[in-house]
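Undergrad: I'm passing along final_26.cif; it holds mmCIF, C-alpha atoms and all ligand atoms.
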data_input
#
loop_
_atom_site.label_atom_id
_atom_site.label_comp_id
_atom_site.auth_asym_id
_atom_site.auth_seq_id
_atom_site.Cartn_x
_atom_site.Cartn_y
_atom_site.Cartn_z
CA MET A 1 79.35 154.79 210.11
CA GLU A 2 80.02 152.94 213.35
CA ASN A 3 77.85 150.06 214.44
CA ILE A 4 75.52 151.31 217.15
CA VAL A 5 72.82 149.47 219.03
CA VAL A 6 69.65 151.56 218.91
CA LYS A 7 67.79 151.48 222.22
CA GLU A 8 63.99 151.47 222.37
CA ASN A 9 62.43 154.89 222.84
CA LYS A 10 60.05 155.37 225.74
CA PRO A 11 56.46 155.74 224.52
CA GLY A 12 55.10 159.27 224.72
CA ARG A 13 58.49 160.89 224.40
CA ILE A 14 57.84 162.42 220.99
CA CYS A 15 56.30 165.89 221.05
CA PRO A 16 52.74 165.25 219.71
CA HIS A 17 51.51 167.16 216.66
CA GLN A 18 48.37 168.12 218.63
CA ILE A 19 50.43 170.67 220.57
CA ALA A 20 52.08 172.17 217.49
CA PHE A 21 50.43 175.53 218.31
CA MET A 22 52.57 175.73 221.47
CA LEU A 23 55.74 175.52 219.39
CA ASP A 24 54.67 178.04 216.82
CA ASN A 25 53.35 181.25 218.29
CA PRO A 26 54.24 184.96 218.27
CA ILE A 27 55.25 185.03 221.95
CA ARG A 28 57.97 182.46 221.34
CA ARG A 29 59.45 184.72 218.64
CA ILE A 30 60.11 187.37 221.28
CA PHE A 31 62.35 185.03 223.27
CA GLN A 32 63.71 182.79 220.52
CA ASN A 33 63.96 184.93 217.40
CA PRO A 34 64.84 182.54 214.52
CA VAL A 35 66.54 185.17 212.32
CA LYS A 36 68.69 186.59 215.13
CA MET A 37 69.63 183.10 216.23
CA LEU A 38 70.40 181.59 212.83
CA ARG A 39 71.71 184.48 210.71
CA PRO A 40 75.33 183.83 211.81
CA TYR A 41 75.18 180.28 210.44
CA ILE A 42 73.12 180.47 207.24
CA SER A 43 74.17 182.20 204.01
CA GLU A 44 72.32 182.78 200.75
CA GLU A 45 72.35 179.75 198.45
CA ASP A 46 73.06 177.35 201.32
CA THR A 47 71.38 174.02 201.77
CA ALA A 48 70.07 173.92 205.33
CA ILE A 49 68.23 171.15 207.16
CA ASP A 50 65.65 171.80 209.86
CA LEU A 51 65.76 168.43 211.59
CA GLY A 52 62.74 167.65 213.72
CA CYS A 53 61.18 170.79 212.25
CA GLY A 54 57.85 170.38 214.05
CA PRO A 55 55.32 172.95 212.76
CA GLY A 56 58.12 175.01 211.18
CA PHE A 57 58.84 177.72 213.74
CA PHE A 58 62.39 177.95 212.30
CA THR A 59 61.82 176.57 208.78
CA ILE A 60 60.22 179.63 207.18
CA ASP A 61 62.91 182.04 208.39
CA MET A 62 65.58 179.55 207.33
CA ALA A 63 64.04 179.59 203.85
CA LYS A 64 64.23 183.40 203.83
CA LEU A 65 67.89 183.28 204.94
CA VAL A 66 68.96 180.86 202.18
CA GLY A 67 67.25 183.09 199.60
CA PRO A 68 65.71 182.10 196.24
CA LYS A 69 68.73 180.05 195.17
CA GLY A 70 69.08 178.18 198.44
CA ARG A 71 67.19 175.22 199.81
CA VAL A 72 65.81 174.12 203.15
CA ILE A 73 64.97 170.53 203.89
CA ALA A 74 62.27 170.23 206.53
CA VAL A 75 62.57 166.82 208.18
CA ASP A 76 60.22 165.27 210.72
CA LEU A 77 58.85 161.85 211.54
CA GLN A 78 55.31 163.21 211.90
CA GLU A 79 53.54 163.82 208.60
CA LYS A 80 51.11 166.19 210.35
CA MET A 81 54.00 168.45 211.43
CA LEU A 82 55.22 168.59 207.83
CA GLY A 83 51.67 169.49 206.80
CA HIS A 84 51.78 172.56 209.07
CA VAL A 85 55.10 173.63 207.55
CA ARG A 86 53.77 173.19 204.00
CA LYS A 87 50.79 175.48 204.71
CA LYS A 88 53.03 178.15 206.24
CA ALA A 89 55.50 177.92 203.36
CA ILE A 90 52.71 178.63 200.87
CA LYS A 91 51.45 181.54 202.97
CA HIS A 92 54.96 183.07 203.06
CA HIS A 93 55.68 182.31 199.37
CA VAL A 94 58.78 180.22 200.11
CA GLU A 95 57.39 176.76 199.24
CA GLU A 96 59.71 176.42 196.24
CA ARG A 97 62.75 176.67 198.50
CA ILE A 98 61.58 173.97 200.87
CA GLN A 99 61.78 170.24 200.43
CA PHE A 100 59.73 168.09 202.81
CA PHE A 101 61.03 164.80 204.07
CA LYS A 102 59.32 162.36 206.40
CA CYS A 103 61.98 160.31 208.16
CA GLU A 104 61.86 157.22 210.34
CA GLN A 105 62.48 157.37 214.08
CA GLU A 106 65.74 155.39 214.03
CA ARG A 107 67.25 156.95 210.92
CA VAL A 108 67.02 160.22 209.04
CA GLY A 109 67.72 158.40 205.79
CA LEU A 110 68.20 161.56 203.76
CA ASP A 111 70.50 161.10 200.82
CA GLN A 112 71.65 164.74 200.71
CA LYS A 113 74.32 166.88 202.31
CA ALA A 114 73.89 170.28 203.93
CA ASP A 115 75.89 173.35 204.88
CA PHE A 116 73.94 173.77 208.07
CA ILE A 117 71.76 171.51 210.20
CA LEU A 118 69.51 172.74 212.98
CA ALA A 119 68.41 170.21 215.59
CA TYR A 120 66.28 172.27 217.94
CA TYR A 121 64.67 170.49 220.90
CA MET A 122 64.76 167.18 219.04
CA VAL A 123 67.90 165.18 219.84
CA HIS A 124 66.58 164.07 223.25
CA GLU A 125 63.45 162.70 221.53
CA THR A 126 65.42 160.27 219.39
CA PRO A 127 65.96 156.62 220.42
CA SER A 128 69.75 156.95 220.22
CA PRO A 129 71.25 160.46 220.10
CA ARG A 130 74.65 158.92 219.39
CA ALA A 131 73.35 157.03 216.35
CA LEU A 132 71.68 160.22 215.12
CA LEU A 133 74.91 162.20 215.53
CA ALA A 134 76.89 159.55 213.67
CA GLU A 135 74.44 159.79 210.79
CA LEU A 136 74.54 163.60 210.82
CA LYS A 137 78.32 163.46 210.45
CA THR A 138 77.83 161.89 207.02
CA MET A 139 75.32 164.59 206.01
CA LEU A 140 77.54 167.68 206.29
CA ASN A 141 79.20 169.45 203.40
CA LYS A 142 82.83 170.49 203.90
CA GLY A 143 82.87 173.31 206.47
CA GLY A 144 79.27 172.59 207.41
CA LYS A 145 77.96 173.12 210.92
CA ILE A 146 75.28 171.73 213.21
CA LEU A 147 73.51 173.72 215.90
CA ILE A 148 72.00 171.56 218.63
CA VAL A 149 69.71 173.14 221.20
CA GLU A 150 68.16 171.03 223.94
CA PRO A 151 65.45 172.09 226.42
CA LYS A 152 66.67 172.54 229.99
CA MET A 153 63.34 171.19 231.23
CA HIS A 154 63.96 167.76 229.67
CA VAL A 155 67.76 167.57 229.39
CA THR A 156 69.98 167.89 232.45
CA GLN A 157 73.43 169.46 232.27
CA LYS A 158 74.84 165.98 232.95
CA SER A 159 73.10 164.32 230.00
CA PHE A 160 73.97 167.29 227.79
CA GLU A 161 77.63 166.79 228.74
CA GLU A 162 77.34 163.08 227.94
CA MET A 163 76.12 164.06 224.50
CA ILE A 164 79.13 166.39 224.12
CA SER A 165 81.38 163.41 224.93
CA ASP A 166 79.68 161.43 222.17
CA ILE A 167 80.12 164.39 219.83
CA ARG A 168 83.88 164.48 220.50
CA GLU A 169 84.24 160.69 220.27
CA LEU A 170 82.53 160.73 216.88
CA GLY A 171 85.19 163.14 215.62
CA PHE A 172 83.23 166.41 215.48
CA ASN A 173 84.85 169.70 216.48
CA VAL A 174 83.06 171.67 219.16
CA CYS A 175 83.07 175.26 217.83
CA ASN A 176 81.32 176.97 220.75
CA TYR A 177 78.36 176.99 223.09
CA PRO A 178 76.02 179.70 221.77
CA GLN A 179 74.16 181.74 224.38
CA LYS A 180 70.59 183.07 224.41
CA THR A 181 69.23 180.23 222.30
CA GLY A 182 66.54 179.11 224.72
CA GLY A 183 68.29 175.97 225.87
CA ARG A 184 71.54 174.04 226.28
CA SER A 185 73.36 174.67 223.02
CA VAL A 186 76.38 173.55 221.12
CA LEU A 187 77.67 174.43 217.65
CA ILE A 188 79.72 171.69 216.03
CA SER A 189 81.50 171.10 212.73
CA GLY A 190 82.25 167.87 210.92
C1 LIG B 1 59.83 169.53 220.64
S1 LIG B 1 59.52 169.41 218.91
C2 LIG B 1 60.51 170.76 218.30
C3 LIG B 1 60.09 171.22 216.95
C4 LIG B 1 60.92 172.36 216.35
N1 LIG B 1 62.30 172.03 216.20
C5 LIG B 1 60.76 173.61 217.20
O1 LIG B 1 61.69 173.96 217.93
O2 LIG B 1 59.68 174.22 217.13
C6 LIG B 1 60.45 168.01 218.40
C7 LIG B 1 60.16 167.58 216.99
O3 LIG B 1 61.13 166.57 216.64
C8 LIG B 1 60.46 165.54 215.95
N2 LIG B 1 61.23 164.30 216.14
C9 LIG B 1 61.33 163.55 217.25
N3 LIG B 1 62.12 162.49 217.03
C10 LIG B 1 62.53 162.57 215.75
C11 LIG B 1 63.34 161.76 214.91
N4 LIG B 1 63.90 160.64 215.37
N5 LIG B 1 63.56 162.16 213.64
C12 LIG B 1 62.98 163.30 213.18
N6 LIG B 1 62.18 164.09 213.90
C13 LIG B 1 61.96 163.74 215.17
C14 LIG B 1 59.07 165.49 216.54
O4 LIG B 1 58.15 164.87 215.67
C15 LIG B 1 58.79 166.97 216.78
O5 LIG B 1 58.16 167.55 215.68
#
Starting from the file, give its structure as structure tokens.
Ligand SMILES: C[S@@+](CC[C@H](N)C(=O)[O-])C[C@H]1O[C@@H](n2cnc3c(N)ncnc32)[C@H](O)[C@@H]1O
TA:
Amino acid sequence: MENIVVKENKPGRICPHQIAFMLDNPIRRIFQNPVKMLRPYISEEDTAIDLGCGPGFFTIDMAKLVGPKGRVIAVDLQEKMLGHVRKKAIKHHVEERIQFFKCEQERVGLDQKADFILAYYMVHETPSPRALLAELKTMLNKGGKILIVEPKMHVTQKSFEEMISDIRELGFNVCNYPQKTGGRSVLISG
């Protein structure tokens, strides 16, 4: 992994767990349907990571898509967010397919590889998106893909394009720019 200087994050930039209910509600499902959005990328028996999972809006459907022999790793730096996901997983009877991992802000630190990684509305919250991307490159299985979706409200087209430059410089392939995802999106492979 290349040597990258991690910049300080601005305080208050992390989405607080107190507003988890805003991320996980039935109205959002109408506009950002997790199954419709992710079915093209997740197969049964896959290992998939929901990075910056928040309260698990995507995690539960990801667990259904990987099926009983697959695995989803729900990763977040806020323990309270993981707590929300755990409760939902039990309610939907998919807790055995989900592994919970509390990471640090500067490093995911997960010693496992995945076939698919979702980073939905989270990259812009990290102290160094480039450092995160470099780490994610080491976490993909052969043929694995990463879907990044960033909110238009917080990420300008210019900064999204800067991230795409980093993505190319780090040696990823840009597969496409998926539409109707609810934000600025890019699908990349390792
Ligand atoms: C805006 S929320 C999105 C949650 C979820 N992906 C969704 O779309 O509902 C961003 C989440 O990313 C998490 N996050 C922010 N920085 C992170 C980091 N460096 N590593 C892991 N998770 C992070 C936050 O704790 C928060 O739960």
Undergrad: Taking all atoms listed in the file into account, which residues are within 7 Å of ligand LIG 1 (chain B), as a ChimeraX atom specification?
TA: /A:14-17,23-24,51-58,75-78,81,103-108,119-123,125-127
Undergrad: Export, as a PDB file, in the coordinates of the input, the selected residues with C-alpha atoms.
TA:
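After the write, result32.pdb holds the following:
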ATOM      1  CA  ILE A  14      57.840 162.420 220.990  1.00  0.00           C
ATOM      2  CA  CYS A  15      56.300 165.890 221.050  1.00  0.00           C
ATOM      3  CA  PRO A  16      52.740 165.250 219.710  1.00  0.00           C
ATOM      4  CA  HIS A  17      51.510 167.160 216.660  1.00  0.00           C
ATOM      5  CA  LEU A  23      55.740 175.520 219.390  1.00  0.00           C
ATOM      6  CA  ASP A  24      54.670 178.040 216.820  1.00  0.00           C
ATOM      7  CA  LEU A  51      65.760 168.430 211.590  1.00  0.00           C
ATOM      8  CA  GLY A  52      62.740 167.650 213.720  1.00  0.00           C
ATOM      9  CA  CYS A  53      61.180 170.790 212.250  1.00  0.00           C
ATOM     10  CA  GLY A  54      57.850 170.380 214.050  1.00  0.00           C
ATOM     11  CA  PRO A  55      55.320 172.950 212.760  1.00  0.00           C
ATOM     12  CA  GLY A  56      58.120 175.010 211.180  1.00  0.00           C
ATOM     13  CA  PHE A  57      58.840 177.720 213.740  1.00  0.00           C
ATOM     14  CA  PHE A  58      62.390 177.950 212.300  1.00  0.00           C
ATOM     15  CA  VAL A  75      62.570 166.820 208.180  1.00  0.00           C
ATOM     16  CA  ASP A  76      60.220 165.270 210.720  1.00  0.00           C
ATOM     17  CA  LEU A  77      58.850 161.850 211.540  1.00  0.00           C
ATOM     18  CA  GLN A  78      55.310 163.210 211.900  1.00  0.00           C
ATOM     19  CA  MET A  81      54.000 168.450 211.430  1.00  0.00           C
ATOM     20  CA  CYS A 103      61.980 160.310 208.160  1.00  0.00           C
ATOM     21  CA  GLU A 104      61.860 157.220 210.340  1.00  0.00           C
ATOM     22  CA  GLN A 105      62.480 157.370 214.080  1.00  0.00           C
ATOM     23  CA  GLU A 106      65.740 155.390 214.030  1.00  0.00           C
ATOM     24  CA  ARG A 107      67.250 156.950 210.920  1.00  0.00           C
ATOM     25  CA  VAL A 108      67.020 160.220 209.040  1.00  0.00           C
ATOM     26  CA  ALA A 119      68.410 170.210 215.590  1.00  0.00           C
ATOM     27  CA  TYR A 120      66.280 172.270 217.940  1.00  0.00           C
ATOM     28  CA  TYR A 121      64.670 170.490 220.900  1.00  0.00           C
ATOM     29  CA  MET A 122      64.760 167.180 219.040  1.00  0.00           C
ATOM     30  CA  VAL A 123      67.900 165.180 219.840  1.00  0.00           C
ATOM     31  CA  GLU A 125      63.450 162.700 221.530  1.00  0.00           C
ATOM     32  CA  THR A 126      65.420 160.270 219.390  1.00  0.00           C
ATOM     33  CA  PRO A 127      65.960 156.620 220.420  1.00  0.00           C
TER      34      PRO A 127
END
Undergrad: If I put a ball of radius 7 Å at (78.5, 167.8, 208.3) in the file's coordinates, which residues poke into it when counting only C-alpha atoms, written as a PyMOL selection string?
TA: chain A and resi 114+136-142+144-145+189-190
Undergrad: Report, in Å to a single decimal, how far apart CA of Ile188 (chain A) and CA of Glu162 (chain A) are.
TA: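 Distance between the two atoms: 14.9 Å.
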Undergrad: So what do you get for CA of Ile146 (chain A) versus CA of Ile30 (chain A), distance-wise?
TA: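 CA of Ile146 (chain A) sits 23.2 Å away from CA of Ile30 (chain A).
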Undergrad: Excluding Ala89 (chain A) and residues on its chain fewer than 4 positions from it, collect all residues at most 12 Å away from it, counting only C-alpha atoms, and give them as number ranges by chain.
TA: A: 55-64, 72, 74, 82-85, 93-100
Undergrad: One decimal, Å: what's the distance from CA of Arg71 (chain A) over to CA of Glu45 (chain A), could you say?
TA: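 Separation of CA of Arg71 (chain A) and CA of Glu45 (chain A): 7.0 Å.
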Undergrad: Can you work out which one of A:Arg13, A:Gly182, A:Asp166, A:Lys113 has the shortest atom-to-atom distance to Pro129 (chain A), counting all atoms listed in the file?
TA: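 The shortest atom-to-atom distance to Pro129 (chain A) comes from A:Asp166.
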Undergrad: Kindly provide, as a PyMOL selection string, the polymer residues lying within 12 Å of (66.1, 172.3, 227.5), counting all atoms listed in the file and using the coordinates exactly as they appear in the file.
TA: chain A and resi 120-125+148-157+159-160+181-185
Undergrad: Nearest to Gln179 (chain A): which of A:Ala20, A:Met163, A:Leu118, A:Leu147 is it, counting only C-alpha atoms?
TA: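 Among the listed residues, the smallest separation from Gln179 (chain A) belongs to A:Leu147.
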Undergrad: Looking at A:Asp115, A:Gly109, A:Glu169, A:Met37, which one is nearest to Glu135 (chain A), with distances taken over all atoms listed in the file?
TA: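 Looking at the shortest contact to Glu135 (chain A), the residue is A:Gly109.
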Undergrad: Complete region 98-109 of chain A with all heavy atoms (output as a PDB file, keeping the file's coordinate frame).
TA:
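What landed in rebuild.pdb:
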ATOM      1  N   ILE A  98      61.628 174.977 199.805  1.00  0.00           N
ATOM      2  CA  ILE A  98      61.580 173.970 200.870  1.00  0.00           C
ATOM      3  C   ILE A  98      61.239 172.596 200.324  1.00  0.00           C
ATOM      4  O   ILE A  98      60.299 172.433 199.544  1.00  0.00           O
ATOM      5  CB  ILE A  98      60.547 174.364 201.964  1.00  0.00           C
ATOM      6  CG1 ILE A  98      60.888 175.745 202.523  1.00  0.00           C
ATOM      7  CG2 ILE A  98      60.539 173.334 203.095  1.00  0.00           C
ATOM      8  CD1 ILE A  98      59.910 176.256 203.573  1.00  0.00           C
ATOM      9  N   GLN A  99      62.045 171.648 200.766  1.00  0.00           N
ATOM     10  CA  GLN A  99      61.780 170.240 200.430  1.00  0.00           C
ATOM     11  C   GLN A  99      61.290 169.583 201.714  1.00  0.00           C
ATOM     12  O   GLN A  99      61.832 169.861 202.792  1.00  0.00           O
ATOM     13  CB  GLN A  99      63.117 169.658 199.977  1.00  0.00           C
ATOM     14  CG  GLN A  99      63.075 168.259 199.488  1.00  0.00           C
ATOM     15  CD  GLN A  99      64.497 167.789 199.198  1.00  0.00           C
ATOM     16  OE1 GLN A  99      65.353 168.559 198.748  1.00  0.00           O
ATOM     17  NE2 GLN A  99      64.754 166.536 199.494  1.00  0.00           N
ATOM     18  N   PHE A 100      60.300 168.724 201.607  1.00  0.00           N
ATOM     19  CA  PHE A 100      59.730 168.090 202.810  1.00  0.00           C
ATOM     20  C   PHE A 100      60.123 166.625 202.838  1.00  0.00           C
ATOM     21  O   PHE A 100      59.998 165.937 201.820  1.00  0.00           O
ATOM     22  CB  PHE A 100      58.204 168.247 202.794  1.00  0.00           C
ATOM     23  CG  PHE A 100      57.785 169.692 202.777  1.00  0.00           C
ATOM     24  CD1 PHE A 100      57.604 170.376 201.576  1.00  0.00           C
ATOM     25  CD2 PHE A 100      57.601 170.384 203.959  1.00  0.00           C
ATOM     26  CE1 PHE A 100      57.245 171.709 201.551  1.00  0.00           C
ATOM     27  CE2 PHE A 100      57.240 171.725 203.951  1.00  0.00           C
ATOM     28  CZ  PHE A 100      57.069 172.384 202.738  1.00  0.00           C
ATOM     29  N   PHE A 101      60.579 166.183 203.994  1.00  0.00           N
ATOM     30  CA  PHE A 101      61.030 164.800 204.070  1.00  0.00           C
ATOM     31  C   PHE A 101      60.564 164.166 205.375  1.00  0.00           C
ATOM     32  O   PHE A 101      60.904 164.621 206.469  1.00  0.00           O
ATOM     33  CB  PHE A 101      62.565 164.758 203.985  1.00  0.00           C
ATOM     34  CG  PHE A 101      63.108 163.370 203.912  1.00  0.00           C
ATOM     35  CD1 PHE A 101      63.091 162.652 202.720  1.00  0.00           C
ATOM     36  CD2 PHE A 101      63.633 162.762 205.050  1.00  0.00           C
ATOM     37  CE1 PHE A 101      63.590 161.358 202.658  1.00  0.00           C
ATOM     38  CE2 PHE A 101      64.134 161.462 204.988  1.00  0.00           C
ATOM     39  CZ  PHE A 101      64.112 160.770 203.791  1.00  0.00           C
ATOM     40  N   LYS A 102      59.782 163.104 205.221  1.00  0.00           N
ATOM     41  CA  LYS A 102      59.320 162.360 206.400  1.00  0.00           C
ATOM     42  C   LYS A 102      60.322 161.255 206.684  1.00  0.00           C
ATOM     43  O   LYS A 102      60.520 160.370 205.846  1.00  0.00           O
ATOM     44  CB  LYS A 102      57.928 161.779 206.156  1.00  0.00           C
ATOM     45  CG  LYS A 102      57.324 161.193 207.416  1.00  0.00           C
ATOM     46  CD  LYS A 102      56.184 160.260 207.110  1.00  0.00           C
ATOM     47  CE  LYS A 102      55.863 159.365 208.272  1.00  0.00           C
ATOM     48  NZ  LYS A 102      56.976 158.556 208.779  1.00  0.00           N
ATOM     49  N   CYS A 103      60.957 161.318 207.850  1.00  0.00           N
ATOM     50  CA  CYS A 103      61.980 160.310 208.160  1.00  0.00           C
ATOM     51  C   CYS A 103      61.411 159.249 209.104  1.00  0.00           C
ATOM     52  O   CYS A 103      60.287 159.362 209.580  1.00  0.00           O
ATOM     53  CB  CYS A 103      63.200 160.982 208.771  1.00  0.00           C
ATOM     54  SG  CYS A 103      62.904 161.647 210.403  1.00  0.00           S
ATOM     55  N   GLU A 104      62.229 158.247 209.367  1.00  0.00           N
ATOM     56  CA  GLU A 104      61.860 157.220 210.340  1.00  0.00           C
ATOM     57  C   GLU A 104      62.483 157.605 211.683  1.00  0.00           C
ATOM     58  O   GLU A 104      63.405 158.412 211.740  1.00  0.00           O
ATOM     59  CB  GLU A 104      62.398 155.857 209.895  1.00  0.00           C
ATOM     60  CG  GLU A 104      61.850 155.392 208.556  1.00  0.00           C
ATOM     61  CD  GLU A 104      60.325 155.340 208.516  1.00  0.00           C
ATOM     62  OE1 GLU A 104      59.715 154.942 209.527  1.00  0.00           O
ATOM     63  OE2 GLU A 104      59.744 155.728 207.489  1.00  0.00           O
ATOM     64  N   GLN A 105      61.987 156.984 212.761  1.00  0.00           N
ATOM     65  CA  GLN A 105      62.480 157.370 214.080  1.00  0.00           C
ATOM     66  C   GLN A 105      63.962 157.002 214.289  1.00  0.00           C
ATOM     67  O   GLN A 105      64.707 157.743 214.918  1.00  0.00           O
ATOM     68  CB  GLN A 105      61.626 156.707 215.169  1.00  0.00           C
ATOM     69  CG  GLN A 105      61.893 157.286 216.537  1.00  0.00           C
ATOM     70  CD  GLN A 105      60.954 156.763 217.586  1.00  0.00           C
ATOM     71  OE1 GLN A 105      60.350 155.709 217.418  1.00  0.00           O
ATOM     72  NE2 GLN A 105      60.824 157.478 218.671  1.00  0.00           N
ATOM     73  N   GLU A 106      64.376 155.865 213.763  1.00  0.00           N
ATOM     74  CA  GLU A 106      65.740 155.390 214.030  1.00  0.00           C
ATOM     75  C   GLU A 106      66.778 155.929 213.054  1.00  0.00           C
ATOM     76  O   GLU A 106      67.972 155.776 213.262  1.00  0.00           O
ATOM     77  CB  GLU A 106      65.808 153.849 213.970  1.00  0.00           C
ATOM     78  CG  GLU A 106      65.120 153.129 215.111  1.00  0.00           C
ATOM     79  CD  GLU A 106      63.616 153.107 214.933  1.00  0.00           C
ATOM     80  OE1 GLU A 106      63.146 153.389 213.803  1.00  0.00           O
ATOM     81  OE2 GLU A 106      62.908 152.842 215.921  1.00  0.00           O
ATOM     82  N   ARG A 107      66.298 156.542 211.957  1.00  0.00           N
ATOM     83  CA  ARG A 107      67.250 156.950 210.920  1.00  0.00           C
ATOM     84  C   ARG A 107      66.679 158.108 210.124  1.00  0.00           C
ATOM     85  O   ARG A 107      65.509 158.084 209.760  1.00  0.00           O
ATOM     86  CB  ARG A 107      67.475 155.729 210.001  1.00  0.00           C
ATOM     87  CG  ARG A 107      68.634 155.883 209.116  1.00  0.00           C
ATOM     88  CD  ARG A 107      69.083 154.575 208.502  1.00  0.00           C
ATOM     89  NE  ARG A 107      70.096 154.904 207.507  1.00  0.00           N
ATOM     90  CZ  ARG A 107      69.838 155.094 206.218  1.00  0.00           C
ATOM     91  NH1 ARG A 107      68.639 154.916 205.753  1.00  0.00           N
ATOM     92  NH2 ARG A 107      70.806 155.441 205.400  1.00  0.00           N
ATOM     93  N   VAL A 108      67.508 159.103 209.873  1.00  0.00           N
ATOM     94  CA  VAL A 108      67.020 160.220 209.040  1.00  0.00           C
ATOM     95  C   VAL A 108      66.826 159.705 207.612  1.00  0.00           C
ATOM     96  O   VAL A 108      65.787 159.925 207.000  1.00  0.00           O
ATOM     97  CB  VAL A 108      68.014 161.415 209.066  1.00  0.00           C
ATOM     98  CG1 VAL A 108      67.480 162.564 208.216  1.00  0.00           C
ATOM     99  CG2 VAL A 108      68.269 161.883 210.500  1.00  0.00           C
ATOM    100  N   GLY A 109      67.866 159.042 207.103  1.00  0.00           N
ATOM    101  CA  GLY A 109      67.720 158.400 205.790  1.00  0.00           C
ATOM    102  C   GLY A 109      67.672 159.369 204.628  1.00  0.00           C
ATOM    103  O   GLY A 109      67.160 159.027 203.562  1.00  0.00           O
TER     104      GLY A 109
END
